[in-house]
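Asks: What follows is upload_39.cif, mmCIF, C-alpha atoms.
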```cif
data_query
#
loop_
_atom_site.group_PDB
_atom_site.id
_atom_site.type_symbol
_atom_site.label_atom_id
_atom_site.label_comp_id
_atom_site.auth_asym_id
_atom_site.auth_seq_id
_atom_site.Cartn_x
_atom_site.Cartn_y
_atom_site.Cartn_z
ATOM 1 C CA MET B 69 79.332 114.545 43.287
ATOM 2 C CA LYS B 70 76.048 116.023 44.416
ATOM 3 C CA VAL B 71 73.220 116.770 42.023
ATOM 4 C CA ASN B 72 70.587 119.297 43.022
ATOM 5 C CA LYS B 73 67.025 119.856 41.853
ATOM 6 C CA LYS B 74 68.039 122.400 39.220
ATOM 7 C CA GLU B 75 70.597 120.038 37.689
ATOM 8 C CA LEU B 76 68.131 117.159 37.778
ATOM 9 C CA ILE B 77 65.556 119.287 35.941
ATOM 10 C CA GLU B 78 68.183 120.171 33.312
ATOM 11 C CA LYS B 79 69.046 116.510 32.856
ATOM 12 C CA ILE B 80 65.395 115.545 32.326
ATOM 13 C CA SER B 81 64.950 118.478 29.996
ATOM 14 C CA ARG B 82 67.901 117.432 27.818
ATOM 15 C CA ASN B 83 66.696 113.844 27.538
ATOM 16 C CA GLN B 84 63.355 114.637 25.951
ATOM 17 C CA ASP B 85 62.157 116.957 23.218
ATOM 18 C CA GLN B 86 58.440 117.349 23.874
ATOM 19 C CA LEU B 87 58.178 119.808 26.708
ATOM 20 C CA PRO B 88 59.877 123.166 27.225
ATOM 21 C CA HIS B 89 62.302 123.473 30.139
ATOM 22 C CA ARG B 90 59.933 125.598 32.224
ATOM 23 C CA ASP B 91 57.189 122.949 31.993
ATOM 24 C CA ILE B 92 59.602 120.318 33.276
ATOM 25 C CA GLU B 93 60.574 122.628 36.100
ATOM 26 C CA LEU B 94 56.932 123.207 37.026
ATOM 27 C CA ALA B 95 56.167 119.488 36.741
ATOM 28 C CA VAL B 96 59.035 118.437 39.035
ATOM 29 C CA LYS B 97 57.960 121.005 41.614
ATOM 30 C CA THR B 98 54.356 119.813 41.325
ATOM 31 C CA ILE B 99 55.463 116.200 41.844
ATOM 32 C CA ILE B 100 57.438 117.141 44.953
ATOM 33 C CA ASN B 101 54.461 119.096 46.304
ATOM 34 C CA CYS B 102 52.142 116.206 45.620
ATOM 35 C CA MET B 103 54.438 113.842 47.538
ATOM 36 C CA THR B 104 54.840 116.259 50.454
ATOM 37 C CA GLN B 105 51.077 116.702 50.564
ATOM 38 C CA ALA B 106 50.483 112.941 50.601
ATOM 39 C CA LEU B 107 52.883 112.368 53.491
ATOM 40 C CA SER B 108 51.513 115.310 55.450
ATOM 41 C CA THR B 109 48.028 113.779 55.393
ATOM 42 C CA GLY B 110 49.398 110.452 56.576
ATOM 43 C CA ASP B 111 49.486 108.612 53.237
ATOM 44 C CA ARG B 112 52.380 106.414 52.186
ATOM 45 C CA ILE B 113 54.034 106.747 48.783
ATOM 46 C CA GLU B 114 55.023 103.721 46.769
ATOM 47 C CA ILE B 115 57.091 103.982 43.587
ATOM 48 C CA ARG B 116 57.758 100.583 42.034
ATOM 49 C CA GLY B 117 61.430 99.829 41.551
ATOM 50 C CA PHE B 118 62.419 102.993 43.389
ATOM 51 C CA GLY B 119 61.143 102.738 46.933
ATOM 52 C CA SER B 120 58.489 103.787 49.372
ATOM 53 C CA PHE B 121 58.052 106.705 51.737
ATOM 54 C CA SER B 122 56.143 106.388 54.957
ATOM 55 C CA LEU B 123 55.912 108.055 58.341
ATOM 56 C CA ARG B 124 57.432 106.775 61.558
ATOM 57 C CA TYR B 125 56.013 107.734 64.924
ATOM 58 C CA ARG B 126 58.343 109.239 67.522
ATOM 59 C CA ARG B 127 57.276 109.163 71.164
ATOM 60 C CA PRO B 128 57.396 112.387 73.172
ATOM 61 C CA ARG B 129 60.605 112.541 75.155
ATOM 62 C CA ILE B 130 62.632 114.812 77.336
ATOM 63 C CA GLY B 131 65.646 116.069 75.476
ATOM 64 C CA ARG B 132 68.506 118.297 76.347
ATOM 65 C CA ASN B 133 69.841 121.299 74.550
ATOM 66 C CA PRO B 134 73.424 120.180 73.910
ATOM 67 C CA LYS B 135 74.679 123.752 74.034
ATOM 68 C CA THR B 136 73.036 124.982 77.244
ATOM 69 C CA GLY B 137 72.372 121.654 78.956
ATOM 70 C CA LYS B 138 68.789 122.755 79.641
ATOM 71 C CA THR B 139 66.119 120.044 79.465
ATOM 72 C CA VAL B 140 63.355 120.530 76.898
ATOM 73 C CA ASN B 141 60.167 118.611 76.248
ATOM 74 C CA ILE B 142 60.073 117.159 72.755
ATOM 75 C CA ASN B 143 56.520 116.509 71.586
ATOM 76 C CA GLU B 144 55.435 113.311 69.911
ATOM 77 C CA ARG B 145 55.793 113.617 66.165
ATOM 78 C CA TYR B 146 56.021 111.816 62.867
ATOM 79 C CA VAL B 147 59.148 111.708 60.750
ATOM 80 C CA PRO B 148 59.453 110.768 57.058
ATOM 81 C CA HIS B 149 61.101 107.443 56.280
ATOM 82 C CA PHE B 150 62.347 106.126 52.935
ATOM 83 C CA LYS B 151 62.791 102.447 52.199
ATOM 84 C CA PRO B 152 64.712 101.853 48.963
ATOM 85 C CA GLY B 153 63.114 99.361 46.571
ATOM 86 C CA LYS B 154 64.789 96.120 45.468
ATOM 87 C CA ASN B 155 65.867 97.457 42.096
ATOM 88 C CA LEU B 156 67.339 100.683 43.531
ATOM 89 C CA LYS B 157 69.204 98.719 46.211
ATOM 90 C CA LYS B 158 70.664 96.348 43.649
ATOM 91 C CA ARG B 159 71.651 99.092 41.210
ATOM 92 C CA VAL B 160 73.322 101.243 43.856
ATOM 93 C CA ASN B 161 75.274 98.350 45.292
ATOM 94 C CA LYS B 162 76.431 97.201 41.854
ATOM 95 C CA GLY B 163 77.980 100.598 41.287
ATOM 96 C CA THR B 164 80.565 99.741 43.930
ATOM 97 C CA ASP B 165 82.262 96.887 42.074
ATOM 98 C CA MET W 16 45.980 105.180 51.565
ATOM 99 C CA THR W 17 48.974 104.883 49.283
ATOM 100 C CA LEU W 18 50.090 107.373 46.660
ATOM 101 C CA THR W 19 51.390 105.650 43.522
ATOM 102 C CA LYS W 20 52.837 106.787 40.203
ATOM 103 C CA SER W 21 49.390 106.829 38.630
ATOM 104 C CA ASP W 22 48.144 109.217 41.345
ATOM 105 C CA ILE W 23 51.098 111.514 40.653
ATOM 106 C CA VAL W 24 50.296 111.383 36.922
ATOM 107 C CA GLU W 25 46.678 112.242 37.705
ATOM 108 C CA ASN W 26 47.804 115.157 39.878
ATOM 109 C CA LEU W 27 50.100 116.536 37.132
ATOM 110 C CA ASN W 28 47.208 116.316 34.699
ATOM 111 C CA ASN W 29 44.855 118.189 37.046
ATOM 112 C CA GLU W 30 47.302 120.760 38.372
ATOM 113 C CA ILE W 31 49.260 121.809 35.301
ATOM 114 C CA GLY W 32 47.360 120.219 32.438
ATOM 115 C CA LEU W 33 50.027 117.854 31.109
ATOM 116 C CA ASN W 34 48.331 115.059 29.201
ATOM 117 C CA LYS W 35 48.479 111.624 30.813
ATOM 118 C CA ARG W 36 51.120 110.293 28.420
ATOM 119 C CA GLU W 37 53.452 113.277 28.912
ATOM 120 C CA ALA W 38 52.889 113.183 32.648
ATOM 121 C CA LYS W 39 53.630 109.479 32.880
ATOM 122 C CA GLU W 40 56.826 109.833 30.849
ATOM 123 C CA LEU W 41 57.941 112.681 33.047
ATOM 124 C CA VAL W 42 57.290 110.842 36.309
ATOM 125 C CA ASP W 43 59.164 107.801 34.967
ATOM 126 C CA MET W 44 62.063 109.974 33.843
ATOM 127 C CA LEU W 45 62.302 111.713 37.208
ATOM 128 C CA PHE W 46 62.540 108.517 39.247
ATOM 129 C CA ASN W 47 64.763 106.787 36.689
ATOM 130 C CA ASP W 48 67.156 109.718 36.603
ATOM 131 C CA ILE W 49 67.386 109.794 40.398
ATOM 132 C CA LYS W 50 68.012 106.039 40.373
ATOM 133 C CA ASN W 51 70.663 106.310 37.652
ATOM 134 C CA LEU W 52 72.446 109.165 39.389
ATOM 135 C CA LEU W 53 72.530 107.245 42.671
ATOM 136 C CA SER W 54 73.834 104.107 40.992
ATOM 137 C CA GLU W 55 76.580 106.188 39.367
ATOM 138 C CA GLY W 56 77.589 107.319 42.842
ATOM 139 C CA HIS W 57 76.016 110.783 42.860
ATOM 140 C CA GLU W 58 73.953 112.051 45.761
ATOM 141 C CA VAL W 59 70.685 113.765 44.849
ATOM 142 C CA LYS W 60 69.431 116.827 46.706
ATOM 143 C CA LEU W 61 65.823 117.936 46.281
ATOM 144 C CA SER W 62 65.575 121.138 48.266
ATOM 145 C CA GLY W 63 62.401 121.336 50.337
ATOM 146 C CA PHE W 64 61.913 117.579 50.147
ATOM 147 C CA GLY W 65 65.126 115.834 51.095
ATOM 148 C CA ASN W 66 68.474 114.394 50.097
ATOM 149 C CA PHE W 67 69.216 110.900 48.838
ATOM 150 C CA GLN W 68 72.645 110.018 50.167
ATOM 151 C CA LEU W 69 74.966 107.076 49.748
ATOM 152 C CA ARG W 70 76.723 105.191 52.520
ATOM 153 C CA ASP W 71 79.434 102.620 52.116
ATOM 154 C CA LYS W 72 79.045 99.935 54.741
ATOM 155 C CA SER W 73 81.870 97.587 55.554
ATOM 156 C CA SER W 74 81.282 93.864 55.892
ATOM 157 C CA ARG W 75 80.092 92.591 59.249
ATOM 158 C CA PRO W 76 79.277 89.272 60.831
ATOM 159 C CA GLY W 77 75.623 88.314 60.682
ATOM 160 C CA ARG W 78 73.409 85.290 61.124
ATOM 161 C CA ASN W 79 70.833 83.612 58.964
ATOM 162 C CA PRO W 80 67.748 84.074 61.147
ATOM 163 C CA ARG W 81 66.142 80.917 59.782
ATOM 164 C CA THR W 82 69.006 78.468 60.150
ATOM 165 C CA GLY W 83 70.995 80.232 62.876
ATOM 166 C CA GLU W 84 74.076 79.811 60.717
ATOM 167 C CA ASP W 85 76.832 82.450 60.955
ATOM 168 C CA VAL W 86 77.310 84.275 57.675
ATOM 169 C CA GLU W 87 79.296 87.316 56.734
ATOM 170 C CA ILE W 88 77.282 90.272 55.449
ATOM 171 C CA SER W 89 79.308 91.620 52.555
ATOM 172 C CA ALA W 90 80.437 95.227 52.218
ATOM 173 C CA ARG W 91 77.823 97.225 50.374
ATOM 174 C CA ARG W 92 76.648 100.649 49.323
ATOM 175 C CA VAL W 93 73.204 101.715 50.499
ATOM 176 C CA VAL W 94 70.890 104.668 49.900
ATOM 177 C CA THR W 95 69.672 106.739 52.807
ATOM 178 C CA PHE W 96 67.129 109.537 52.731
ATOM 179 C CA LYS W 97 67.494 112.636 54.894
ATOM 180 C CA SER W 98 64.276 114.585 54.881
ATOM 181 C CA GLY W 99 64.478 118.327 54.437
ATOM 182 C CA GLN W 100 63.294 120.905 56.936
ATOM 183 C CA LYS W 101 60.143 121.744 54.981
ATOM 184 C CA LEU W 102 59.049 118.107 54.668
ATOM 185 C CA LYS W 103 59.796 117.468 58.351
ATOM 186 C CA GLU W 104 57.680 120.454 59.337
ATOM 187 C CA SER W 105 54.776 119.349 57.141
ATOM 188 C CA VAL W 106 54.532 115.851 58.578
ATOM 189 C CA LYS W 107 55.359 116.284 62.228
ATOM 190 C CA THR W 108 51.987 117.628 63.333
ATOM 191 C CA LEU W 109 50.001 114.859 61.664
ATOM 192 C CA THR W 110 49.143 113.757 65.164
ATOM 193 C CA ASN W 111 46.950 116.868 65.695
ATOM 194 C CA GLU W 112 44.813 116.236 62.608
ATOM 195 C CA SER W 113 44.183 112.504 62.630
ATOM 196 C CA ASP W 114 44.297 109.633 65.113
#
```
Kindly transcribe the structure held in the file into structure tokens.

Replies:
Amino acid sequence: MKVNKKELIEKISRNQDQLPHRDIELAVKTIINCMTQALSTGDRIEIRGFGSFSLRYRRPRIGRNPKTGKTVNINERYVPHFKPGKNLKKRVNKGTD
Amino acid sequence: MTLTKSDIVENLNNEIGLNKREAKELVDMLFNDIKNLLSEGHEVKLSGFGNFQLRDKSSRPGRNPRTGEDVEISARRVVTFKSGQKLKESVKTLTNESD
């Protein structure tokens, strides 16, 4: 099953009784913005027990539009990369047995 | 520089005025919930940021790089992250601003 942001916010909201639902919603969006902002200025993100986000460099290359077959220049760029932490890896893998 | 949980807590405090204790609890809950959902076999989609997906890998032959010994790498489930369009767009031009 897939869980989206809205459902995740509802889950957090149900499991605590201090903040109203709309504050949780705003907080989750603020957290996501803060993380996006950090990566976009070249910072890494490290969340203990969960994992880390960093950027990977991609060289410029000549690609091809698979539909038209036309060659296109693809600029150098950075792409986000997530490395799961030890605890997340272990927990996820345990779920399989 | 590295962004950590305490920086996120600080940011929540500055941006929306949650007190540090509330903010810390919320940040912990968010990452714990994502972790719990993934370990229960659910994929988590955060629109605008990205999706945490699960992949079941079958066992494959491997080698202990230190001893050179052949070992089998057991079947396992791993988490992969697929960044969303908005996040991809925000990071790709980093090269124009720095280095």

Asks: Calculate, to one decimal in Å, the centre and edge lengths of the box along x, y and z of the file that holds all listed atoms of region 75-81 of chain B with 6 Å of margin on each side, and present them as JSON.

Replies:
```
{"center_x": 67.8, "center_y": 117.9, "center_z": 33.9, "size_x": 17.6, "size_y": 16.6, "size_z": 19.8}
```

Asks: Can you work out the spacing between CA of Phe64 (chain W) and CA of Lys135 (chain B) in Å, to one decimal?

Replies: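 Between CA of Phe64 (chain W) and CA of Lys135 (chain B) the gap works out to 27.8 Å.
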
Asks: Here's the selection I'm unsure about, the PyMOL selection byres ((chain W) within 8 of (chain B)); applied to the file above, which residues does it give, as a PyMOL selection string?

Replies: chain W and resi 16-20+23+26-27+30-31+41-42+44-46+48-50+53-62+64+91-96+98+102-103+105-110

Asks: Work out how far apart CA of Arg129 (chain B) and CA of Asn66 (chain W) are and give it in Å to one decimal.

Replies: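 That distance, rounded to one decimal, is 26.3 Å.
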
Asks: One decimal, Å: what's the distance from CA of Pro134 (chain B) over to CA of Glu104 (chain W), could you say?

Replies: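 So the two atoms, CA of Pro134 (chain B) and CA of Glu104 (chain W), lie 21.5 Å apart.
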